[in-house]
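First the structure, in the form of structure tokens, and then the observations on it.
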Amino acid sequence: MTQLYRTAVASMVVGAFGMVMSLTPFGMELEENIGLHLLFKTRGKRKVPTDVIIITLNKASADHLHLPAAPRKWPRSLHARLINKLIDKKPTVIAFDMIFSETGPPEQDNTFADAIRNAGNIVLGEWLKTDEVPLMDQSGAHTGNLNIEKIIPPIPILAQSALACAHFSLPKVPVKVNSYWAYKTGAGDLPTLPVVVFQIYAMTVYDDLMRWLKTVSPDQTKRLPVDSKNVLAEKSVKDLIRQLRDYFEQNPSIANKLLERLRVSKTLATDAKQNQTLVSLIRMYQGPKRPYLNYYGPAGTIRTISYYQIIEDPKNSSGGSILDDLDGKAIFIGLSEQLRPEEKDGFYTVFSQPNGIDISGVEIAATAFANLLENSPIAPLNRGVHITLVA
């Protein structure tokens, strides 16, 4: 009996210690870096939604088109040509994970702006610049630093031509990139690139969303735009996102009520894809500001097309085109290399490879979009389940 008593006491002490440690910053950091690592390594690669595609400004394209290795030096008239090639195939939204904050040759900027304006579905990248300002006390002694975040938009002619502009910044804490900002706290809760792209992609169900919202909260919806076409025509997508985010935050029970009504509705059985998009849109506004990334696999797992293949549009052996299946897709354009690039844009993740190949920023943006589309984020256990499991 004495031995049993000692064992029980020891078990309770160990369990209590484990529970306390798991709730400390050190324990949560350990769980995030080791626990998530084991989760992804055990699971391996998984299927990627077909509605997301990456066009990469890779070294192969630079060599093929006789361009500088650095994509920022590529002529903007070539980007205009790329857009004109793509819009004929009717993708839903095209996002440039690139920075255009400096002016180029005027004729190049004008040509690029015209292509963006004519397409009507282009999202351009913004730069979230962080300035570190030293803090001093009354005696002049240094007491610390204050980080000030500032959005640097594209040059005016391009920003005014785009449907929307958005930044995409990644938290690099503590070791690996395990999550992303959906709404950047330090920048006024501005929506980031994946959220803006998904809202544009989901504008096809916005009118349905408004119709269903009116059934659960008619008074509260009066402040929201009623027509998706007006939102796109006025280029007010980011304003709409802020309004919807505020709406769901101020009415936290609305999302679950709405999802329950959608679940039992018999009128939603006709178009499974549209139904999934509507549910995913609601979940996005219900979700956290900093979701965990549900990676699909190592670099290159998301379907990736080289830039030059779109520009030259080579025919395959059956006479078809690489552009044949872009209708309704979300396209992300940026630097993504599966070889060591001369200008690297990779981030250390659970799927970083021993040869130094990391997942690029544009791939992470596309991953975040695909997670939103599928409604498949990685979510931590709630506090009660976590404590019970550790104990």
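Each chain of the structure tokens is named A, B, ... in the order shown, its residues numbered from 1; ligands are numbered from 1 in display order.
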Go through segment 220-270 of chain A and flag each residue having an atom no more than 8 Å from segment 194-215 of chain A; for those, report the closest pair of atoms plus their distance in Å to one decimal, using only C-alpha atoms, ordered by chain and rising number, as a tab-separated table.
```
residue	atom	partner	partner_atom	distance
A:Thr221	CA	A:Lys214	CA	6.4
A:Val226	CA	A:Met210	CA	6.8
A:Asp227	CA	A:Asp207	CA	6.5
A:Ser228	CA	A:Tyr206	CA	6.2
A:Val237	CA	A:Ile200	CA	7.2
A:Lys238	CA	A:Val196	CA	6.8
A:Ile241	CA	A:Gln199	CA	7.5
A:Leu258	CA	A:Leu213	CA	7.0
```
Spatial neighbours of Ser376 of chain A, max dist 12 Å, only C-alpha atoms, sep filter under 6 positions, as an mmCIF file with N, CA, C and O atoms, in the first residue's frame:
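The result, stored in selection_4.cif:
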```
data_model
loop_
_atom_site.group_PDB
_atom_site.id
_atom_site.type_symbol
_atom_site.label_atom_id
_atom_site.label_comp_id
_atom_site.auth_asym_id
_atom_site.auth_seq_id
_atom_site.Cartn_x
_atom_site.Cartn_y
_atom_site.Cartn_z
ATOM 1 N N ARG A 46 0.146 16.199 -48.272
ATOM 2 C CA ARG A 46 -1.285 15.982 -48.491
ATOM 3 C C ARG A 46 -1.727 16.720 -49.739
ATOM 4 O O ARG A 46 -1.014 17.574 -50.275
ATOM 5 N N LYS A 47 -2.914 16.387 -50.214
ATOM 6 C CA LYS A 47 -3.423 16.913 -51.472
ATOM 7 C C LYS A 47 -3.695 18.410 -51.368
ATOM 8 O O LYS A 47 -4.244 18.883 -50.383
ATOM 9 N N VAL A 48 -3.328 19.136 -52.424
ATOM 10 C CA VAL A 48 -3.511 20.583 -52.474
ATOM 11 C C VAL A 48 -4.780 20.892 -53.268
ATOM 12 O O VAL A 48 -5.047 20.243 -54.284
ATOM 13 N N PRO A 49 -5.582 21.868 -52.847
ATOM 14 C CA PRO A 49 -6.743 22.267 -53.659
ATOM 15 C C PRO A 49 -6.310 22.663 -55.065
ATOM 16 O O PRO A 49 -5.282 23.327 -55.247
ATOM 17 N N GLN A 276 -19.107 25.171 -49.799
ATOM 18 C CA GLN A 276 -17.857 25.110 -49.045
ATOM 19 C C GLN A 276 -17.200 26.480 -48.962
ATOM 20 O O GLN A 276 -16.668 26.872 -47.917
ATOM 21 N N VAL A 279 -19.068 28.565 -46.308
ATOM 22 C CA VAL A 279 -18.717 28.136 -44.950
ATOM 23 C C VAL A 279 -17.297 28.592 -44.605
ATOM 24 O O VAL A 279 -17.033 29.094 -43.507
ATOM 25 N N SER A 280 -16.365 28.439 -45.552
ATOM 26 C CA SER A 280 -14.978 28.836 -45.311
ATOM 27 C C SER A 280 -14.860 30.338 -45.087
ATOM 28 O O SER A 280 -14.048 30.790 -44.272
ATOM 29 N N ARG A 283 -15.904 31.033 -41.565
ATOM 30 C CA ARG A 283 -14.860 30.561 -40.656
ATOM 31 C C ARG A 283 -13.654 31.498 -40.651
ATOM 32 O O ARG A 283 -13.010 31.680 -39.618
ATOM 33 N N MET A 284 -13.352 32.098 -41.797
ATOM 34 C CA MET A 284 -12.221 33.014 -41.848
ATOM 35 C C MET A 284 -12.444 34.204 -40.917
ATOM 36 O O MET A 284 -11.533 34.632 -40.204
ATOM 37 N N GLY A 287 -12.157 33.212 -37.290
ATOM 38 C CA GLY A 287 -10.872 32.664 -36.882
ATOM 39 C C GLY A 287 -9.970 33.663 -36.188
ATOM 40 O O GLY A 287 -10.273 34.850 -36.065
ATOM 41 N N PRO A 291 -3.403 32.586 -37.478
ATOM 42 C CA PRO A 291 -3.659 31.145 -37.584
ATOM 43 C C PRO A 291 -2.375 30.354 -37.824
ATOM 44 O O PRO A 291 -1.395 30.868 -38.363
ATOM 45 N N TYR A 292 -2.417 29.091 -37.424
ATOM 46 C CA TYR A 292 -1.323 28.186 -37.756
ATOM 47 C C TYR A 292 -1.467 27.735 -39.209
ATOM 48 O O TYR A 292 -2.570 27.601 -39.729
ATOM 49 N N LEU A 293 -0.336 27.502 -39.845
ATOM 50 C CA LEU A 293 -0.319 27.039 -41.233
ATOM 51 C C LEU A 293 -0.422 25.522 -41.285
ATOM 52 O O LEU A 293 0.288 24.825 -40.560
ATOM 53 N N ASN A 294 -1.289 25.045 -42.133
ATOM 54 C CA ASN A 294 -1.404 23.613 -42.369
ATOM 55 C C ASN A 294 -0.668 23.320 -43.676
ATOM 56 O O ASN A 294 -1.257 23.320 -44.753
ATOM 57 N N TYR A 295 0.631 23.086 -43.570
ATOM 58 C CA TYR A 295 1.458 22.910 -44.767
ATOM 59 C C TYR A 295 1.031 21.667 -45.550
ATOM 60 O O TYR A 295 0.595 20.676 -44.984
ATOM 61 N N TYR A 296 1.213 21.747 -46.871
ATOM 62 C CA TYR A 296 0.859 20.621 -47.735
ATOM 63 C C TYR A 296 2.053 19.727 -48.039
ATOM 64 O O TYR A 296 1.888 18.584 -48.450
ATOM 65 N N THR A 367 -0.300 28.785 -49.523
ATOM 66 C CA THR A 367 -0.713 27.787 -48.520
ATOM 67 C C THR A 367 -1.783 28.358 -47.603
ATOM 68 O O THR A 367 -2.791 27.697 -47.313
ATOM 69 N N ALA A 368 -1.567 29.591 -47.136
ATOM 70 C CA ALA A 368 -2.554 30.229 -46.264
ATOM 71 C C ALA A 368 -3.889 30.385 -46.984
ATOM 72 O O ALA A 368 -4.961 30.132 -46.404
ATOM 73 N N PHE A 369 -3.850 30.795 -48.249
ATOM 74 C CA PHE A 369 -5.083 30.905 -49.036
ATOM 75 C C PHE A 369 -5.773 29.543 -49.144
ATOM 76 O O PHE A 369 -7.000 29.434 -48.968
ATOM 77 N N ALA A 370 -5.000 28.505 -49.458
ATOM 78 C CA ALA A 370 -5.581 27.166 -49.607
ATOM 79 C C ALA A 370 -6.187 26.678 -48.297
ATOM 80 O O ALA A 370 -7.239 26.019 -48.291
#
```
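Proximity to Arg81 of chain A was assessed for A:Ile122, A:Ile94, A:Ile305, A:Ile310 counting only C-alpha atoms; the smallest distance is recorded for A:Ile310.
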For Pro225 of chain A: contacts at 10 Å, only C-alpha atoms, fewer than 5 positions along chain excluded, given as a VMD selection string | chain A and resid 206 to 207 210 230 to 231 236 239 to 240 243 to 244
Writing out the chosen residues with C-alpha atoms as a PDB file, in the first residue's frame:
```
ATOM      1  CA  TYR A 206     -21.109  37.324 -50.868  1.00  0.00           C
ATOM      2  CA  ASP A 207     -24.718  37.940 -51.906  1.00  0.00           C
ATOM      3  CA  MET A 210     -25.812  38.702 -46.952  1.00  0.00           C
ATOM      4  CA  ASN A 230     -20.494  47.591 -56.037  1.00  0.00           C
ATOM      5  CA  VAL A 231     -17.696  46.398 -53.737  1.00  0.00           C
ATOM      6  CA  SER A 236     -13.478  48.612 -51.487  1.00  0.00           C
ATOM      7  CA  ASP A 239     -13.072  48.095 -46.315  1.00  0.00           C
ATOM      8  CA  LEU A 240     -15.522  45.220 -46.658  1.00  0.00           C
ATOM      9  CA  GLN A 243     -16.542  45.686 -41.727  1.00  0.00           C
ATOM     10  CA  LEU A 244     -17.158  41.939 -41.761  1.00  0.00           C
TER      11      LEU A 244
END
```
Non-local contacts of segment 107-113 of chain A (10 Å; only C-alpha atoms; under 3 positions in same chain excluded) as a VMD selection string = chain A and resid 75 to 84 100 103 to 104 116 to 119 155 to 162
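Of the residues under consideration (A:Leu36, A:Met98, A:Leu65, A:Ala272), A:Met98 shows the shortest atom-to-atom contact distance to Val362 of chain A when counting only C-alpha atoms.
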Give the helix (DSSP H, G or I) residues of segment 187-337 of chain A, as DSSP finds them on the backbone, and put them as an NGL selection string.
-> :A and (187 or 193-216 or 220-223 or 228-233 or 237-250 or 252-264 or 272-286 or 307-312)
